[in-house]
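Report on the following structure.
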Amino acid sequence: MSAEEEHPTVLEPVEVVDAELVEASDASGGGVVPADPAAAVLAALEQGAEEELHRARAHKTKTGYTRDWEVWQEFHDWLGERTGHRLSDTDVTRGTMVAFVTWLDEVIKAPPNTIDRRVTGVTVTARRPPYRAEVPKEATLAARELIRKYRNDPARMARGRGQAAHATPEHLRRMHTASPTVPRRPGSRRRRREYVLPDLAVYRNQALTKMAWAISGRAAEVSALDVSHIKLVEEGLEVHVPSVKGRPPRDADVAFGQHPESCPVLAWLAWQGAAELAEGPAFRSVDQWGRLGSGRLSPDGCRLVITRAGKQAGIDVRLTGHSARAGFITTAIEQGKRPDEVRRQSGHAAKSAVFWEYVRKAQRWHNPVSRGIGL
């Protein structure tokens, strides 16, 4: 009898482990790493959530984040020139983020609000494809701790354009009676001669500026208005302000004004009749020959209408897209309107620091009136 027959081989049971093959350099203890189905599911959900949030962001926000990342790369170039070694763009750490904030403040001289936005843009972009960098929470917390300190410095807060000028009812009346002639722009290559706005553009500009003021509207909200959102009633207009940038929609009541030159109801009816608007966007493009476009006027287009109308009227402050919104709030509070009533019209959150700052400033010039808000 052979040795094999005398002592037969006994096979021991083997534990089977689900695994996937990876590169040896990626494995911590060899060339095979056990798969973790739960981790894979969580990773897929995280990636799906990030992509969904990215799709929900406004186009202007995405382009802003792109510019923030470009500034981050400029900072790394600057740092590399001084240290002799350029770090990777994905090195988002407590040290690099604090250095980035300091560079923006001391070298670029950016205002604190802009610095805060840059930090957000860099953080969001670093976490997305193709970078997929790990951004530790302590890095953003340290950066914003510095930014809070900068916000307490009036000199730093004065950088940039500053707070938007407030449009007043007097401004609206002056814009209504302003000449339709647009003067030539000195040094401009695009416009070397003056021209006269067509009547249709004048009607649109008057309606847009007054509507933005009366509903305390953001430029994006004014741009999003449709004809169906504006309903004529006995007291004036009922305006449904649609949701923009994730903010909740709201309804605003627009009363007839005491002065025809600043009445938003009359201005809207004049524009609607002249443009023969029955449906679609409420505010549209008008070319230099007075032809009405079918496309919606963009938020930037709405801002330009307000800014250019202020210039044509000779107003001594630069009005922006936010000027109408800020002007409505301060005027209403100055004239004795209750803050909660004004806040419902403007759509601010109950604890909005910006809104209550407007209220505190306006209440210093409290001047009650019997009806309306002095339009």
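Chains: A, B, ... in order of the structure tokens. Residues: from 1 per chain. Ligands: from 1, in order shown.
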
Shell around Thr181 (chain A) at 10 Å using only C-alpha atoms, local window under 3 positions removed, as a PyMOL selection string:
chain A and resi 178+184+194-198+312

Okay, now the selection with N, CA, C and O atoms, as a PDB file, in the first residue's frame?
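Saved the output as result_35.pdb:
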```pdb
ATOM      1  N   ALA A 178     -37.476 111.819 -18.025  1.00  0.00           N
ATOM      2  CA  ALA A 178     -36.151 112.010 -18.621  1.00  0.00           C
ATOM      3  C   ALA A 178     -36.236 111.984 -20.141  1.00  0.00           C
ATOM      4  O   ALA A 178     -37.125 111.358 -20.731  1.00  0.00           O
ATOM      5  N   ARG A 184     -23.827 110.189 -26.477  1.00  0.00           N
ATOM      6  CA  ARG A 184     -22.702 109.356 -26.879  1.00  0.00           C
ATOM      7  C   ARG A 184     -21.839 109.075 -25.665  1.00  0.00           C
ATOM      8  O   ARG A 184     -21.774 109.864 -24.720  1.00  0.00           O
ATOM      9  N   GLU A 194     -24.945 109.919 -30.444  1.00  0.00           N
ATOM     10  CA  GLU A 194     -26.132 109.800 -29.618  1.00  0.00           C
ATOM     11  C   GLU A 194     -27.291 109.231 -30.450  1.00  0.00           C
ATOM     12  O   GLU A 194     -27.277 109.295 -31.679  1.00  0.00           O
ATOM     13  N   TYR A 195     -28.260 108.655 -29.738  1.00  0.00           N
ATOM     14  CA  TYR A 195     -29.429 108.132 -30.435  1.00  0.00           C
ATOM     15  C   TYR A 195     -30.641 108.282 -29.527  1.00  0.00           C
ATOM     16  O   TYR A 195     -30.511 108.514 -28.319  1.00  0.00           O
ATOM     17  N   VAL A 196     -31.820 108.140 -30.113  1.00  0.00           N
ATOM     18  CA  VAL A 196     -33.072 108.316 -29.386  1.00  0.00           C
ATOM     19  C   VAL A 196     -33.722 106.948 -29.182  1.00  0.00           C
ATOM     20  O   VAL A 196     -33.880 106.176 -30.134  1.00  0.00           O
ATOM     21  N   LEU A 197     -34.081 106.651 -27.944  1.00  0.00           N
ATOM     22  CA  LEU A 197     -34.759 105.388 -27.667  1.00  0.00           C
ATOM     23  C   LEU A 197     -36.112 105.348 -28.367  1.00  0.00           C
ATOM     24  O   LEU A 197     -36.860 106.327 -28.330  1.00  0.00           O
ATOM     25  N   PRO A 198     -36.474 104.246 -28.987  1.00  0.00           N
ATOM     26  CA  PRO A 198     -37.822 104.136 -29.573  1.00  0.00           C
ATOM     27  C   PRO A 198     -38.882 104.165 -28.469  1.00  0.00           C
ATOM     28  O   PRO A 198     -38.616 103.818 -27.320  1.00  0.00           O
ATOM     29  N   GLN A 312     -29.757 108.583 -17.582  1.00  0.00           N
ATOM     30  CA  GLN A 312     -30.475 109.492 -18.480  1.00  0.00           C
ATOM     31  C   GLN A 312     -31.223 110.578 -17.711  1.00  0.00           C
ATOM     32  O   GLN A 312     -31.369 111.698 -18.188  1.00  0.00           O
TER      33      GLN A 312
END
```

Residue set, region 67-207 of chain A restricted to strand (DSSP E or B), as number ranges by chain: A: 181-182, 195-196

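Taking CA of Tyr150 (chain A) and CA of Arg247 (chain A) as endpoints, the distance between them is 28.5 Å.
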
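Considering only region 192-260 of chain A, backbone DSSP assigns helix (DSSP H, G or I) to Asp199, Leu200, Ala201, Val202, Tyr203, Arg204, Asn205, Gln206, Ala207, Leu208, Thr209, Lys210, Met211, Ala212, Trp213, Ala214, Ala219, Ala220, Glu221, Val222, Ser223, Ala224, Val227, Ser228, His229 and Pro260 of chain A.
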
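The nearest approach to Arg204 (chain A) among the residues A:Arg284, A:Arg57, A:Lys337, A:Arg291, with only C-alpha atoms taken into account, belongs to A:Arg284.
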